[in-house]
$ cat query-v5.cif   # mmCIF, C-alpha atoms
data_model
#
loop_
_atom_site.label_atom_id
_atom_site.label_comp_id
_atom_site.auth_asym_id
_atom_site.auth_seq_id
_atom_site.Cartn_x
_atom_site.Cartn_y
_atom_site.Cartn_z
CA MET R 16 -62.56 -14.39 -14.40
CA LYS R 17 -60.86 -17.41 -12.83
CA HIS R 18 -57.98 -16.99 -15.30
CA LEU R 19 -57.67 -13.29 -14.37
CA VAL R 20 -57.61 -14.05 -10.62
CA ASN R 21 -54.91 -16.68 -11.10
CA HIS R 22 -52.87 -14.21 -13.15
CA LEU R 23 -53.12 -11.58 -10.41
CA LEU R 24 -52.11 -14.09 -7.72
CA VAL R 25 -49.02 -15.09 -9.71
CA ALA R 26 -48.09 -11.44 -10.25
CA LEU R 27 -48.52 -10.72 -6.53
CA SER R 28 -46.39 -13.70 -5.54
CA LEU R 29 -43.64 -12.59 -7.94
CA SER R 30 -43.71 -9.09 -6.50
CA LEU R 31 -43.32 -10.47 -2.99
CA VAL R 32 -40.22 -12.36 -4.12
CA THR R 33 -38.59 -9.56 -6.09
CA LEU R 34 -39.42 -6.44 -4.11
CA PRO R 35 -37.31 -7.13 -1.01
CA ALA R 36 -34.23 -7.84 -3.13
CA ALA R 37 -34.81 -4.73 -5.20
CA ALA R 38 -35.39 -2.66 -2.09
CA GLN R 39 -32.20 -3.93 -0.53
CA GLN R 40 -30.26 -3.22 -3.71
CA GLY R 41 -31.67 0.27 -3.82
CA ALA R 42 -30.73 0.89 -0.18
CA GLY R 43 -27.12 -0.20 -0.72
CA LEU R 44 -24.87 -1.25 2.14
CA SER R 45 -26.87 0.65 4.73
CA GLN R 46 -29.25 -2.32 4.97
CA ASN R 47 -26.46 -4.77 5.81
CA PRO R 48 -26.65 -5.69 9.54
CA GLU R 49 -22.85 -5.64 9.92
CA VAL R 50 -22.71 -2.19 8.37
CA GLN R 51 -25.45 -1.00 10.69
CA ALA R 52 -23.47 -2.31 13.66
CA PHE R 53 -20.38 -0.52 12.36
CA ILE R 54 -22.30 2.75 11.99
CA ALA R 55 -23.58 2.40 15.56
CA SER R 56 -20.02 1.82 16.76
CA MET R 57 -18.78 4.92 14.93
CA HIS R 58 -21.51 6.91 16.65
CA GLU R 59 -20.73 5.52 20.09
CA GLN R 60 -16.94 5.76 19.85
CA HIS R 61 -16.44 8.88 17.74
CA GLY R 62 -19.72 10.78 17.75
CA PHE R 63 -20.60 10.31 14.08
CA ASP R 64 -24.18 11.11 13.11
CA VAL R 65 -26.00 7.83 12.44
CA ALA R 66 -28.35 9.26 9.81
CA HIS R 67 -25.51 10.94 7.92
CA LEU R 68 -23.36 7.80 7.83
CA THR R 69 -26.37 5.71 6.85
CA ARG R 70 -26.99 7.97 3.85
CA GLN R 71 -23.37 7.63 2.77
CA PHE R 72 -23.39 3.82 3.01
CA ALA R 73 -26.75 3.73 1.24
CA VAL R 74 -25.12 4.72 -2.06
CA LEU R 75 -22.41 2.05 -1.82
CA ARG R 76 -22.43 -1.46 -3.27
CA PRO R 77 -19.98 -4.33 -2.85
CA ASN R 78 -17.36 -3.71 -5.53
CA ALA R 79 -16.75 -6.96 -7.41
CA THR R 80 -13.57 -5.63 -9.04
CA VAL R 81 -12.09 -4.82 -5.64
CA LEU R 82 -13.00 -8.22 -4.23
CA LYS R 83 -11.47 -9.97 -7.22
CA ALA R 84 -8.28 -7.91 -7.12
CA ILE R 85 -7.59 -8.61 -3.44
CA ARG R 86 -7.72 -12.38 -3.83
CA PRO R 87 -4.50 -14.34 -4.50
CA PRO R 88 -4.12 -15.63 -8.07
CA ALA R 89 -5.92 -18.90 -8.67
CA VAL R 90 -3.01 -20.29 -10.73
CA PRO R 91 -0.15 -21.15 -8.33
CA GLU R 92 2.68 -20.39 -10.77
CA LYS R 93 1.44 -16.80 -11.09
CA GLN R 94 1.77 -16.15 -7.38
CA ARG R 95 5.52 -15.55 -7.20
CA SER R 96 7.83 -14.56 -10.03
CA TRP R 97 10.62 -12.18 -9.14
CA GLU R 98 11.56 -11.67 -12.79
CA ARG R 99 8.02 -10.62 -13.73
CA TYR R 100 7.54 -8.50 -10.61
CA ARG R 101 10.88 -6.71 -10.98
CA GLY R 102 10.17 -5.88 -14.61
CA ARG R 103 7.06 -3.96 -13.60
CA PHE R 104 8.90 -1.61 -11.25
CA VAL R 105 12.60 -1.51 -12.06
CA ASN R 106 12.48 -0.26 -15.62
CA GLU R 107 13.33 2.69 -17.85
CA GLN R 108 9.98 4.42 -17.30
CA ARG R 109 10.42 4.60 -13.55
CA LEU R 110 14.13 5.39 -13.81
CA ALA R 111 13.61 8.31 -16.21
CA GLY R 112 10.60 9.54 -14.27
CA GLY R 113 12.50 9.27 -11.01
CA LEU R 114 15.40 11.35 -12.26
CA SER R 115 12.98 14.05 -13.43
CA PHE R 116 11.14 13.90 -10.10
CA TRP R 117 14.46 14.17 -8.23
CA GLN R 118 15.42 17.24 -10.24
CA ALA R 119 12.03 18.91 -9.80
CA HIS R 120 11.92 18.37 -6.02
CA ALA R 121 15.63 18.35 -5.16
CA ALA R 122 15.46 20.87 -2.30
CA THR R 123 12.46 19.18 -0.68
CA LEU R 124 14.05 15.74 -0.99
CA GLN R 125 17.30 16.96 0.55
CA ARG R 126 15.38 18.54 3.43
CA ALA R 127 13.49 15.29 4.04
CA GLU R 128 16.76 13.33 4.09
CA ALA R 129 18.34 15.84 6.48
CA ILE R 130 15.40 15.69 8.91
CA HIS R 131 14.57 11.97 8.79
CA GLY R 132 17.81 10.35 7.68
CA VAL R 133 16.31 8.47 4.73
CA PRO R 134 18.29 8.72 1.46
CA VAL R 135 16.74 10.76 -1.33
CA GLU R 136 16.88 7.84 -3.77
CA VAL R 137 14.86 5.60 -1.43
CA ILE R 138 12.13 8.23 -1.06
CA VAL R 139 12.01 8.70 -4.82
CA ALA R 140 11.97 4.95 -5.47
CA ILE R 141 9.01 4.34 -3.16
CA ILE R 142 6.95 7.07 -4.84
CA GLY R 143 7.99 5.67 -8.20
CA VAL R 144 6.98 2.12 -7.35
CA GLU R 145 3.73 3.23 -5.74
CA THR R 146 2.28 5.66 -8.30
CA ILE R 147 4.93 6.41 -10.97
CA TYR R 148 5.52 9.75 -9.22
CA GLY R 149 1.87 10.62 -8.78
CA GLN R 150 0.67 9.62 -12.24
CA HIS R 151 -1.47 6.65 -11.12
CA MET R 152 -3.06 7.17 -7.71
CA GLY R 153 -6.06 4.90 -8.23
CA SER R 154 -9.59 5.39 -9.51
CA PHE R 155 -11.60 3.47 -6.91
CA GLY R 156 -13.85 5.22 -4.45
CA VAL R 157 -11.93 4.68 -1.20
CA LEU R 158 -15.05 4.45 0.94
CA GLU R 159 -16.61 1.81 -1.31
CA ALA R 160 -13.34 -0.14 -1.63
CA LEU R 161 -12.75 -0.25 2.11
CA ALA R 162 -16.39 -1.10 2.84
CA SER R 163 -16.31 -3.93 0.29
CA LEU R 164 -13.21 -5.41 1.90
CA ALA R 165 -14.38 -4.76 5.45
CA PHE R 166 -17.70 -6.56 5.06
CA PHE R 167 -17.26 -8.96 2.12
CA TYR R 168 -13.69 -10.23 2.39
CA PRO R 169 -13.57 -12.36 5.58
CA PRO R 170 -9.83 -13.22 5.50
CA ARG R 171 -8.90 -9.59 6.26
CA SER R 172 -12.17 -8.05 7.36
CA GLU R 173 -10.82 -6.97 10.75
CA PHE R 174 -7.92 -5.08 9.17
CA PHE R 175 -10.10 -3.32 6.63
CA ARG R 176 -12.76 -2.39 9.18
CA GLY R 177 -9.99 -0.68 11.11
CA GLU R 178 -8.91 1.16 7.97
CA LEU R 179 -12.52 2.10 7.21
CA GLU R 180 -12.80 3.60 10.68
CA GLN R 181 -9.55 5.50 10.21
CA PHE R 182 -10.63 6.76 6.80
CA LEU R 183 -13.88 8.20 8.11
CA LEU R 184 -11.98 9.93 10.90
CA LEU R 185 -9.44 11.24 8.39
CA ALA R 186 -12.15 12.62 6.13
CA ARG R 187 -13.88 14.35 9.04
CA GLU R 188 -10.62 15.85 10.30
CA ASN R 189 -9.87 17.28 6.86
CA GLY R 190 -13.39 18.48 6.14
CA ILE R 191 -13.84 16.39 3.00
CA SER R 192 -16.60 14.06 1.89
CA PRO R 193 -15.44 10.42 2.16
CA LEU R 194 -17.37 9.74 -1.04
CA SER R 195 -15.12 12.13 -2.98
CA VAL R 196 -11.78 10.42 -2.34
CA LYS R 197 -10.26 8.10 -4.95
CA GLY R 198 -7.48 5.61 -4.37
CA SER R 199 -6.32 2.05 -4.91
CA TYR R 200 -8.54 -1.03 -4.78
CA ALA R 201 -7.19 -1.64 -1.26
CA GLY R 202 -7.99 1.88 -0.07
CA ALA R 203 -4.51 3.43 -0.31
CA ILE R 204 -4.50 7.17 -0.94
CA GLY R 205 -2.47 9.76 -2.77
CA ILE R 206 1.00 10.15 -4.24
CA PRO R 207 2.64 7.78 -1.72
CA GLN R 208 -0.39 5.45 -1.40
CA PHE R 209 -0.76 5.64 2.37
CA MET R 210 -3.46 3.60 4.03
CA PRO R 211 -5.72 5.81 6.16
CA SER R 212 -4.20 4.65 9.45
CA SER R 213 -0.70 5.44 8.18
CA GLN R 214 -1.77 8.87 6.98
CA ARG R 215 -3.25 9.75 10.36
CA ARG R 216 -0.21 8.45 12.23
CA PHE R 217 2.79 9.25 10.05
CA ALA R 218 1.93 11.88 7.42
CA VAL R 219 3.32 15.38 7.84
CA ASP R 220 2.64 18.89 6.58
CA PHE R 221 5.93 19.40 4.75
CA ASP R 222 4.98 22.42 2.66
CA GLY R 223 3.91 24.56 5.63
CA ASP R 224 0.34 25.27 4.57
CA ASP R 225 -1.14 23.93 7.85
CA ARG R 226 -2.77 20.93 6.22
CA ILE R 227 -1.67 17.47 5.12
CA ASP R 228 -2.55 16.70 1.51
CA LEU R 229 -1.06 13.52 0.10
CA ARG R 230 -3.16 13.74 -3.06
CA GLN R 231 -1.84 17.06 -4.41
CA SER R 232 1.16 18.16 -2.35
CA TYR R 233 4.43 16.58 -3.46
CA PRO R 234 6.28 18.06 -0.45
CA ASP R 235 3.77 16.47 1.94
CA ALA R 236 4.17 13.14 0.14
CA ILE R 237 7.97 13.33 0.25
CA GLY R 238 8.14 14.28 3.91
CA SER R 239 5.56 11.66 4.84
CA VAL R 240 7.41 8.81 3.12
CA ALA R 241 10.62 9.81 4.87
CA ARG R 242 8.93 10.08 8.26
CA PHE R 243 7.16 6.74 7.80
CA LEU R 244 10.47 4.96 7.23
CA GLN R 245 12.22 6.85 10.02
CA GLN R 246 9.44 6.03 12.48
CA HIS R 247 9.67 2.36 11.54
CA GLY R 248 13.34 2.24 12.43
CA TRP R 249 15.37 3.34 9.41
CA GLN R 250 19.07 3.42 10.31
CA THR R 251 20.88 6.26 8.54
CA GLY R 252 23.95 5.18 6.62
CA GLU R 253 23.35 1.47 7.16
CA PRO R 254 23.05 -1.06 4.29
CA VAL R 255 19.79 -2.46 2.94
CA ALA R 256 20.67 -5.82 1.38
CA VAL R 257 23.52 -7.78 -0.21
CA PRO R 258 23.55 -10.83 -2.53
CA ALA R 259 24.07 -14.20 -0.88
CA THR R 260 24.87 -17.75 -1.90
CA VAL R 261 23.32 -20.75 -0.20
CA SER R 262 24.55 -24.29 0.19
CA GLY R 263 22.16 -26.93 1.41
CA ASP R 264 18.44 -26.60 2.05
CA PRO R 265 17.53 -23.07 3.22
CA ALA R 266 13.90 -23.91 4.12
CA ALA R 267 14.42 -23.57 7.88
CA LEU R 268 16.13 -20.19 7.51
CA LEU R 269 13.45 -18.90 5.17
CA ALA R 270 10.75 -20.03 7.59
CA ILE R 271 12.14 -17.60 10.19
CA GLY R 272 10.79 -14.74 8.08
CA ILE R 273 12.08 -11.42 6.78
CA LYS R 274 12.79 -9.78 10.13
CA PRO R 275 16.54 -9.91 10.87
CA THR R 276 17.10 -12.24 13.83
CA LEU R 277 20.38 -14.06 13.14
CA THR R 278 23.80 -12.52 12.59
CA VAL R 279 25.66 -12.88 9.32
CA SER R 280 28.10 -15.18 11.12
CA GLU R 281 25.30 -17.39 12.40
CA LEU R 282 23.85 -17.58 8.91
CA ALA R 283 27.30 -18.44 7.51
CA ALA R 284 27.49 -21.38 9.91
CA GLN R 285 24.31 -22.67 8.27
CA GLY R 286 25.57 -22.39 4.71
CA VAL R 287 24.80 -18.78 3.77
CA SER R 288 27.70 -16.72 2.39
CA ALA R 289 27.63 -12.96 1.86
CA ALA R 290 30.03 -10.02 1.93
CA ALA R 291 28.82 -8.37 5.13
CA ASP R 292 29.79 -7.61 8.72
CA GLY R 293 29.56 -10.86 10.64
CA ASP R 294 27.95 -9.17 13.64
CA ARG R 295 25.15 -7.54 11.66
CA ALA R 296 21.66 -9.00 12.03
CA ALA R 297 20.13 -10.23 8.78
CA ALA R 298 17.40 -12.38 7.27
CA LEU R 299 17.67 -14.72 4.31
CA ILE R 300 15.54 -13.51 1.40
CA ASP R 301 14.57 -15.70 -1.55
CA LEU R 302 13.52 -14.18 -4.86
CA VAL R 303 11.81 -16.98 -6.76
CA THR R 304 11.18 -17.11 -10.49
CA PRO R 305 9.55 -20.29 -11.90
CA GLY R 306 11.89 -22.00 -14.32
CA ALA R 307 14.94 -20.01 -13.18
CA ALA R 308 17.46 -20.21 -10.35
CA THR R 309 16.30 -18.57 -7.12
CA GLU R 310 18.15 -15.40 -6.13
CA TYR R 311 19.22 -15.22 -2.50
CA TRP R 312 19.98 -12.05 -0.58
CA LEU R 313 20.59 -11.01 2.99
CA GLY R 314 18.15 -8.35 4.08
CA PHE R 315 19.21 -6.08 6.93
CA ASN R 316 17.20 -3.81 9.19
CA ASN R 317 16.58 -1.19 6.51
CA PHE R 318 15.27 -3.86 4.13
CA TYR R 319 12.82 -4.93 6.83
CA VAL R 320 11.79 -1.29 7.33
CA ILE R 321 10.86 -1.01 3.65
CA THR R 322 8.63 -4.08 4.06
CA ARG R 323 6.63 -2.15 6.68
CA TYR R 324 5.42 -0.03 3.77
CA ASN R 325 4.38 -3.13 1.85
CA ARG R 326 4.94 -6.49 3.50
CA SER R 327 6.59 -8.18 0.57
CA SER R 328 10.24 -9.05 -0.03
CA PHE R 329 9.61 -8.54 -3.76
CA TYR R 330 8.37 -5.01 -3.05
CA ALA R 331 11.29 -4.11 -0.80
CA MET R 332 13.84 -5.45 -3.27
CA SER R 333 12.23 -3.54 -6.14
CA VAL R 334 12.41 -0.32 -4.12
CA PHE R 335 16.03 -1.04 -3.22
CA GLN R 336 17.13 -1.84 -6.76
CA LEU R 337 15.28 1.12 -8.28
CA ALA R 338 16.88 3.34 -5.63
CA GLN R 339 20.31 1.99 -6.52
CA ALA R 340 19.73 2.64 -10.22
CA LEU R 341 18.49 6.16 -9.49
CA ARG R 342 21.50 6.97 -7.31
CA GLN R 343 23.99 5.66 -9.88
CA GLU R 344 22.40 7.50 -12.82
CA HIS R 345 21.98 10.71 -10.82
CA ALA R 346 25.64 10.60 -9.83
CA ALA R 347 26.72 9.89 -13.41
CA ARG R 348 24.74 12.84 -14.71
CA ALA R 349 26.14 15.13 -12.03
CA MET R 350 29.68 14.06 -12.89
CA ALA R 351 29.06 14.60 -16.59
CA ALA R 352 27.69 18.08 -15.89
CA ARG R 353 30.78 18.98 -13.85
CA SER R 354 33.13 17.80 -16.58
CA ARG R 355 31.61 19.98 -19.27
CA PRO R 356 33.72 23.01 -20.24
#

$ encode --input "query-v5.cif" --output "structure tokens"
Amino acid sequence: MKHLVNHLLVALSLSLVTLPAAAQQGAGLSQNPEVQAFIASMHEQHGFDVAHLTRQFAVLRPNATVLKAIRPPAVPEKQRSWERYRGRFVNEQRLAGGLSFWQAHAATLQRAEAIHGVPVEVIVAIIGVETIYGQHMGSFGVLEALASLAFFYPPRSEFFRGELEQFLLLARENGISPLSVKGSYAGAIGIPQFMPSSQRRFAVDFDGDDRIDLRQSYPDAIGSVARFLQQHGWQTGEPVAVPATVSGDPAALLAIGIKPTLTVSELAAQGVSAAADGDRAAALIDLVTPGAATEYWLGFNNFYVITRYNRSSFYAMSVFQLAQALRQEHAARAMAARSRP
């Protein structure tokens, strides 16, 4: 009898230890105090139903894959390699796919350029870099990805809580369940991979069906990319970037950042040479590859505008170089077609 009582006491003590953890796991994120505070804020600021939001967060868990993907690489030499990065985005697959995309959506692309002043090849290049023209739009649940980053990634929790708020508003405005939307590990959505705040602010209905659908409507995606760049200051007909050579230590110039603040002439006085208008504002861009010579470029206003889409000089240069390749090949094909008997 004494042995039986002891056995029951041990079993009871184990249940007291394991049940709360199991209960919390079963309840998902809805039991997290920060999530509860967020739900209350959504109710107070936007009129969301507390019980409904609680049920949605109850089925979510912190996504370990998302949290791993967002962190910088642990090995320093893997953090920056222009050669490796460029090879992922400026390649035959994206060039061939971009030319096909251009042909399939030529009228829509021309209309977007006419309205917003952004060259067709730049629009095509961004969609190509982002999703290979809609082929890879992401398989993560956007609500779970954003919640994981908002509440379990402190370095950027404020940003992702803002995007989580915007996503819930976006889903309500479009009459869709937030649990049904798939996207990138960072919560970007659709053919052009817009973050929720960008979709609500910059996306447009470009196919005239009275709704904005970046997941299935190529015209909406095209028009939205063009409007995003135009709204961020794209200057029609102006250059994006030119190669540069540097003498001396460029560290101080690079520390200024990628926003153009000095003129080409001022940069030349500090050892930077480039074939460009001396009065044009520019920023020195370094494209680093471990074990190889660093490439230097001058990035102008339009280069900086591309970085508003993704705040990386590698990204902007990949878009620019893919756009150049697309324009050249498109022109060559058009010339060849005209020369045929």

$ resolve_selection --input "query-v5.cif" --expression "the PyMOL selection byres ((chain R and resi 154-156) around 12)" --output "number ranges by chain"
R: 74-81, 84, 146, 150-153, 157-163, 182, 192-205

$ resolve_selection --input "query-v5.cif" --expression "the PyMOL selection byres ((chain R and resi 107-115) around 7)" --output "mmCIF file with C-alpha atoms, in the coordinates of the input"
data_model
loop_
_atom_site.group_PDB
_atom_site.id
_atom_site.type_symbol
_atom_site.label_atom_id
_atom_site.label_comp_id
_atom_site.auth_asym_id
_atom_site.auth_seq_id
_atom_site.Cartn_x
_atom_site.Cartn_y
_atom_site.Cartn_z
ATOM 1 C CA PHE R 104 8.900 -1.610 -11.250
ATOM 2 C CA VAL R 105 12.600 -1.510 -12.060
ATOM 3 C CA ASN R 106 12.480 -0.260 -15.620
ATOM 4 C CA PHE R 116 11.140 13.900 -10.100
ATOM 5 C CA TRP R 117 14.460 14.170 -8.230
ATOM 6 C CA GLN R 118 15.420 17.240 -10.240
ATOM 7 C CA ALA R 119 12.030 18.910 -9.800
ATOM 8 C CA VAL R 139 12.010 8.700 -4.820
ATOM 9 C CA GLY R 143 7.990 5.670 -8.200
ATOM 10 C CA ILE R 147 4.930 6.410 -10.970
ATOM 11 C CA LEU R 341 18.490 6.160 -9.490
ATOM 12 C CA HIS R 345 21.980 10.710 -10.820
#

$ resolve_selection --input "query-v5.cif" --expression "the PyMOL selection byres ((chain R and resi 283) around 12)" --output "VMD selection string"
chain R and resid 259 to 263 265 268 277 to 282 284 to 299 313

$ atom_distance --input "query-v5.cif" --atom1 "CA of Ser96 (chain R)" --atom2 "CA of Thr304 (chain R)"
4.2 Å

$ residues_around --input "query-v5.cif" --residues "region 54-62 of chain R" --least-positions-apart "5" --cutoff "8 Å" --atoms "all atoms listed in the file" --output "list in words"
Leu68, Thr69 and Glu180 of chain R

$ axis_aligned_box --input "query-v5.cif" --around "region 52-58 of chain R" --padding-each-side "4 Å" --output "JSON"
{"center_x": -21.2, "center_y": 2.3, "center_z": 14.4, "size_x": 12.8, "size_y": 17.2, "size_z": 12.8}

$ closest_residue --input "query-v5.cif" --among "R:Asp235, R:Ser212, R:Phe335, R:Leu244" --to "Ala256 (chain R)" --atoms "only C-alpha atoms"
R:Phe335

$ closest_residue --input "query-v5.cif" --among "R:Tyr148, R:Phe166, R:Tyr311, R:Trp97" --to "Leu82 (chain R)" --atoms "only C-alpha atoms"
R:Phe166

$ closest_residue --input "query-v5.cif" --among "R:Leu184, R:Ile85, R:Ala266, R:Ala346" --to "Ser172 (chain R)" --atoms "only C-alpha atoms"
R:Ile85

$ atom_distance --input "query-v5.cif" --atom1 "CA of Glu98 (chain R)" --atom2 "CA of Val255 (chain R)"
20.0 Å

$ residues_around --input "query-v5.cif" --residues "Ala236 (chain R)" --least-positions-apart "3" --cutoff "12 Å" --atoms "all atoms listed in the file" --output "number ranges by chain"
R: 120, 123-124, 127, 138-139, 141-143, 145-146, 148-149, 204-209, 214, 217-222, 227-233, 239-243

$ atom_distance --input "query-v5.cif" --atom1 "CA of Arg226 (chain R)" --atom2 "CA of Glu188 (chain R)"
10.2 Å

$ closest_residue --input "query-v5.cif" --among "R:Arg355, R:Arg342, R:Arg176, R:Arg348" --to "Glu136 (chain R)" --atoms "all atoms listed in the file"
R:Arg342
